[in-house]
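work_28.txt follows (compact mmCIF, C-alpha atoms):
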# COMPACT_ATOMS: atom_id res chain seq x y z
CA MET E 1 0.00 0.00 0.00
CA LEU E 2 1.30 3.46 -0.87
CA THR E 3 0.72 4.89 2.61
CA GLU E 4 2.91 2.17 4.12
CA LEU E 5 5.59 2.75 1.48
CA ILE E 6 5.62 6.49 2.28
CA GLU E 7 6.02 5.90 6.01
CA ALA E 8 8.72 3.28 5.44
CA ALA E 9 10.61 5.58 3.04
CA VAL E 10 10.57 8.45 5.54
CA ARG E 11 11.76 6.19 8.37
CA ALA E 12 14.51 4.80 6.15
CA GLY E 13 15.74 8.30 5.26
CA GLN E 14 14.66 8.07 1.61
CA PRO E 15 12.34 11.07 1.17
CA ALA E 16 12.59 11.00 -2.65
CA LEU E 17 11.03 7.53 -2.68
CA GLY E 18 8.34 8.77 -0.31
CA GLU E 19 7.61 11.83 -2.48
CA ALA E 20 7.21 9.68 -5.59
CA ALA E 21 4.80 7.37 -3.77
CA TYR E 22 2.91 10.39 -2.40
CA GLU E 23 2.32 11.76 -5.91
CA ARG E 24 0.73 8.47 -6.94
CA LEU E 25 -1.32 8.36 -3.74
CA ALA E 26 -2.55 11.95 -4.11
CA GLU E 27 -3.86 11.29 -7.64
CA ARG E 28 -6.08 8.51 -6.26
CA THR E 29 -7.18 10.13 -3.03
CA ARG E 30 -8.15 13.46 -4.62
CA ALA E 31 -10.22 11.62 -7.21
CA ALA E 32 -11.99 9.66 -4.46
CA GLY E 33 -12.59 12.69 -2.25
CA THR E 34 -13.80 10.67 0.74
CA ALA E 35 -12.92 11.51 4.34
CA TRP E 36 -10.75 8.38 4.52
CA ALA E 37 -8.91 9.21 1.28
CA LEU E 38 -8.30 12.84 2.25
CA GLY E 39 -7.25 11.74 5.74
CA VAL E 40 -4.61 9.23 4.63
CA GLU E 41 -3.33 11.73 2.05
CA ALA E 42 -2.95 14.41 4.75
CA ARG E 43 -1.22 11.90 7.06
CA SER E 44 1.24 11.00 4.30
CA ARG E 45 1.81 14.68 3.44
CA ALA E 46 2.57 15.35 7.12
CA LEU E 47 5.23 12.63 7.13
CA LEU E 48 6.97 14.33 4.21
CA SER E 49 6.69 17.85 5.69
CA ASP E 50 8.12 19.74 8.64
CA GLY E 51 7.32 22.74 10.78
CA PRO E 52 3.88 24.37 10.55
CA ALA E 53 3.05 22.54 7.30
CA ALA E 54 3.46 19.15 9.02
CA ASP E 55 1.48 20.31 12.05
CA THR E 56 -1.39 21.48 9.83
CA ALA E 57 -1.35 18.26 7.81
CA TYR E 58 -1.46 16.05 10.92
CA ARG E 59 -4.41 18.02 12.28
CA GLU E 60 -6.19 17.72 8.93
CA ALA E 61 -5.55 13.97 8.88
CA ILE E 62 -7.06 13.56 12.34
CA ARG E 63 -10.05 15.73 11.43
CA GLN E 64 -10.80 13.80 8.24
CA LEU E 65 -10.14 10.32 9.66
CA GLY E 66 -12.31 11.15 12.66
CA ARG E 67 -15.21 11.39 10.20
CA CYS E 68 -14.91 7.80 8.97
CA ARG E 69 -15.35 4.43 10.63
CA ILE E 70 -11.87 2.96 10.03
CA THR E 71 -10.53 3.50 13.55
CA VAL E 72 -7.06 2.10 12.90
CA HIS E 73 -6.20 4.92 10.47
CA LEU E 74 -7.28 7.60 12.95
CA ALA E 75 -5.29 5.87 15.69
CA ARG E 76 -2.18 5.67 13.51
CA ALA E 77 -2.49 9.35 12.57
CA ARG E 78 -2.62 10.23 16.27
CA LEU E 79 0.38 7.98 16.92
CA LEU E 80 2.45 9.61 14.16
CA TYR E 81 1.43 13.10 15.28
CA GLY E 82 2.27 12.24 18.89
CA GLU E 83 5.71 10.97 17.84
CA TRP E 84 6.30 14.10 15.77
CA LEU E 85 5.25 16.37 18.68
CA ARG E 86 7.49 14.52 21.15
CA ARG E 87 10.52 14.95 18.94
CA ARG E 88 9.86 18.69 18.97
CA ASP E 89 9.66 18.71 22.76
CA ARG E 90 5.94 19.51 22.81
CA ARG E 91 5.34 16.91 25.50
CA GLY E 92 1.91 17.97 26.74
CA GLN E 93 0.41 17.89 23.24
CA SER E 94 2.35 14.72 22.48
CA ARG E 95 0.91 12.91 25.51
CA GLU E 96 -2.63 13.82 24.49
CA GLN E 97 -2.20 12.31 21.02
CA LEU E 98 -0.26 9.27 22.21
CA ARG E 99 -2.76 8.52 24.98
CA ALA E 100 -5.63 8.63 22.46
CA ALA E 101 -3.65 6.46 20.03
CA TYR E 102 -2.82 3.91 22.74
CA ASP E 103 -6.44 3.66 23.88
CA LEU E 104 -7.77 3.22 20.34
CA LEU E 105 -5.09 0.76 19.24
CA SER E 106 -5.42 -1.34 22.40
CA GLY E 107 -9.18 -1.32 21.98
CA ILE E 108 -9.06 -2.82 18.50
CA GLY E 109 -6.33 -5.32 19.31
CA ALA E 110 -3.58 -3.67 17.23
CA ASP E 111 -1.02 -4.74 19.78
CA GLY E 112 2.11 -3.90 17.79
CA PHE E 113 1.05 -0.30 17.22
CA ALA E 114 -0.32 -0.05 20.78
CA ALA E 115 3.09 -1.12 22.11
CA ARG E 116 4.74 1.55 19.97
CA ALA E 117 2.35 4.18 21.38
CA ARG E 118 3.07 2.95 24.90
CA ARG E 119 6.83 3.22 24.37
CA GLU E 120 6.40 6.76 23.08
CA LEU E 121 4.24 7.65 26.09
CA LEU E 122 6.90 6.29 28.44
CA ALA E 123 9.45 8.45 26.65
CA THR E 124 7.37 11.55 27.49
CA GLY E 125 7.51 10.59 31.17
CA GLU E 126 3.96 9.26 31.35
CA THR E 127 2.85 5.69 31.95
CA ALA E 128 0.32 3.73 29.91
CA ARG E 129 -1.34 0.96 31.88
CA LYS E 130 -1.36 -2.49 30.39
CA ARG E 131 -4.77 -4.04 29.96
CA THR E 132 -6.05 -6.24 32.80
CA PRO E 133 -9.07 -8.56 32.89
CA ASP E 134 -10.60 -6.88 35.95
CA ALA E 135 -10.26 -3.35 34.57
CA VAL E 136 -14.05 -2.81 34.77
CA THR E 137 -13.39 -1.03 38.06
CA ASP E 138 -11.30 1.52 36.14
CA LEU E 139 -14.21 2.68 33.98
CA THR E 140 -15.37 6.23 34.56
CA GLY E 141 -19.06 6.83 35.27
CA GLN E 142 -19.81 7.76 31.67
CA GLU E 143 -17.76 4.86 30.30
CA ALA E 144 -19.62 2.43 32.58
CA GLN E 145 -22.98 3.79 31.45
CA ILE E 146 -22.06 3.59 27.76
CA ALA E 147 -20.62 0.09 28.24
CA ARG E 148 -23.81 -1.10 29.95
CA LEU E 149 -26.04 0.33 27.19
CA ALA E 150 -23.84 -1.14 24.44
CA ARG E 151 -23.74 -4.51 26.19
CA ASP E 152 -27.54 -4.44 26.37
CA GLY E 153 -27.78 -4.09 22.59
CA ARG E 154 -28.18 -0.33 22.10
CA THR E 155 -26.64 1.14 18.94
CA ASN E 156 -24.27 4.10 19.08
CA ALA E 157 -27.06 6.36 17.80
CA GLU E 158 -29.46 5.12 20.49
CA ILE E 159 -26.85 5.58 23.22
CA ALA E 160 -26.07 9.07 21.93
CA ALA E 161 -29.75 10.05 22.00
CA HIS E 162 -30.20 8.58 25.48
CA LEU E 163 -27.18 10.45 26.91
CA PHE E 164 -27.53 13.64 24.84
CA ILE E 165 -24.10 13.28 23.26
CA SER E 166 -22.96 12.66 19.68
CA PRO E 167 -22.52 9.18 18.17
CA ARG E 168 -18.83 10.05 17.64
CA THR E 169 -18.47 10.69 21.36
CA VAL E 170 -20.05 7.31 22.05
CA GLU E 171 -17.61 5.65 19.65
CA TRP E 172 -14.69 7.44 21.34
CA HIS E 173 -15.77 6.30 24.81
CA LEU E 174 -16.33 2.73 23.60
CA GLY E 175 -12.76 2.72 22.28
CA ARG E 176 -11.56 3.63 25.78
CA VAL E 177 -13.83 0.98 27.33
CA PHE E 178 -12.45 -1.69 24.97
CA ALA E 179 -8.88 -0.66 25.83
CA LYS E 180 -9.50 -0.84 29.57
CA LEU E 181 -11.31 -4.17 29.36
CA GLY E 182 -8.82 -5.69 26.92
CA ILE E 183 -11.45 -6.49 24.29
CA ALA E 184 -11.75 -5.67 20.60
CA SER E 185 -15.48 -5.34 19.93
CA ARG E 186 -18.88 -4.74 21.54
CA ARG E 187 -19.70 -8.45 21.05
CA GLU E 188 -17.24 -9.17 23.84
CA LEU E 189 -18.92 -6.81 26.31
CA ARG E 190 -21.28 -9.52 27.58
CA THR E 191 -18.33 -11.66 28.60
CA ALA E 192 -16.27 -8.75 29.93
CA LEU E 193 -19.25 -7.32 31.86
CA PRO E 194 -21.22 -10.38 32.96
CA GLY E 195 -22.84 -8.75 35.98
CA PRO E 196 -24.55 -5.41 36.52
CA VAL E 197 -22.50 -2.35 35.63
CA PRO E 198 -23.06 0.41 38.17
CA HIS E 199 -24.80 3.58 37.06
CA PRO E 200 -22.73 6.69 37.60
CA ALA E 201 -23.37 8.35 40.93
Go through the file and emit its structure as structure tokens.
Amino acid sequence: MLTELIEAAVRAGQPALGEAAYERLAERTRAAGTAWALGVEARSRALLSDGPAADTAYREAIRQLGRCRITVHLARARLLYGEWLRRRDRRGQSREQLRAAYDLLSGIGADGFAARARRELLATGETARKRTPDAVTDLTGQEAQIARLARDGRTNAEIAAHLFISPRTVEWHLGRVFAKLGIASRRELRTALPGPVPHPA
């Protein structure tokens, strides 16, 4: 895939190879015009840029990929942005992106990328907890409520309407719930949460 080739070329110190792959990618993504296509193009452009241009491109990638359902691409954009921020000594912003990346990647079972995000977090001076089977006690009140509703068969839209939040917010919280419980999908909530989940106080 061209996006993987671009990242590999940048990491290997071969920007010319990355630029050539980016030109081919951009032709396809601009023709498609979807949030996913524009997001992966912006992420690749960020890898090949520096300074304010890279910062803008990473933010655009996260904005576009946040509008589509392919969580792994959003998580990887946050991971790359977090790495980029850390190398520029912007630790507070870096932690925010890396924490989000770690939660999302752990939640979908992308263990290799989650481990990379965790290592980067450790390098900023913060810790990222490893998943544990009894992590239900670590859920916040809102996470517990969303987890209970999802376990009981409610869709994201139904949960959003019930709690007066957006479906995207529900999806975000479910990603955090999955990470804390060490599961990869809502199907596993019944096993991970066999008993009653307390309502928030």
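Proximity to Leu105 of chain E was assessed for E:Thr124, E:Ser185, E:Gln93, E:Thr71 counting all atoms listed in the file; the smallest distance is recorded for E:Thr71.
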- Return the single residue from E:Gly18, E:Gly39, E:Gly182, E:Gly33 that is closest to Arg69 of chain E, with distances computed using only C-alpha atoms.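 Checking each of E:Gly18, E:Gly39, E:Gly182, E:Gly33 against Arg69 of chain E, counting only C-alpha atoms, the winner is E:Gly39.
In this model, the gap between atom CA of Gly109 of chain E and atom CA of Arg87 of chain E comes to 26.4 Å.
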- Message: I'd like the interatomic distance between atom CA of Ala53 of chain E and atom CA of Leu25 of chain E, to a tenth of an Å.
- Response: 18.5 Å
- Mind listing as an MDAnalysis selection string all residues within 7 Å of (-9.6, 8.1, 6.3), counting all atoms listed in the file? chainID E and resid 35:40 64:65 68 70 73
- Task: Can you work out the spacing between atom CA of Ala100 of chain E and atom CA of Ala42 of chain E in Å, to one decimal?
- Result: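 Computing the Euclidean distance for atom CA of Ala100 of chain E and atom CA of Ala42 of chain E yields 18.8 Å.
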- Item | All residues 12 Å or closer to Met1 of chain E, all atoms listed in the file, same chain fewer than 6 positions away omitted, as a VMD selection string | chain E and resid 7 to 8 21 to 22 24 to 25 40 44
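Every protein or nucleic acid residue with an atom no more than 7 Å from Ile62 of chain E, counting only C-alpha atoms and leaving out same-chain residues fewer than 3 positions away, appears here: Gly39, Tyr58, Arg59, Leu65, Gly66, Leu74, Ala77 and Arg78 of chain E.
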- Query: Which residue out of E:Gly51, E:Gly13, E:Gly82, E:Gly141 has the minimum interatomic distance to Ala117 of chain E when only C-alpha atoms are used?
  - Reply: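 Looking at the shortest contact to Ala117 of chain E, the residue is E:Gly82.
Considering the residues E:Ile6, E:Gln142, E:Arg154, E:Val72 and counting only C-alpha atoms, Leu104 of chain E has its shortest atom-to-atom contact with E:Val72.
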- With distances taken over all atoms listed in the file, which of E:Asp55, E:Phe164, E:Ala147, E:Arg90 is nearest to Leu193 of chain E?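 Answer, going by the shortest atom-to-atom distance: E:Ala147.
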- Message: Counting all atoms listed in the file, which residues have an atom no more than 12 Å from (-16.7, -8.0, 19.8) in the file's coordinates? Please list them as a count of residues only.
- Response: 20
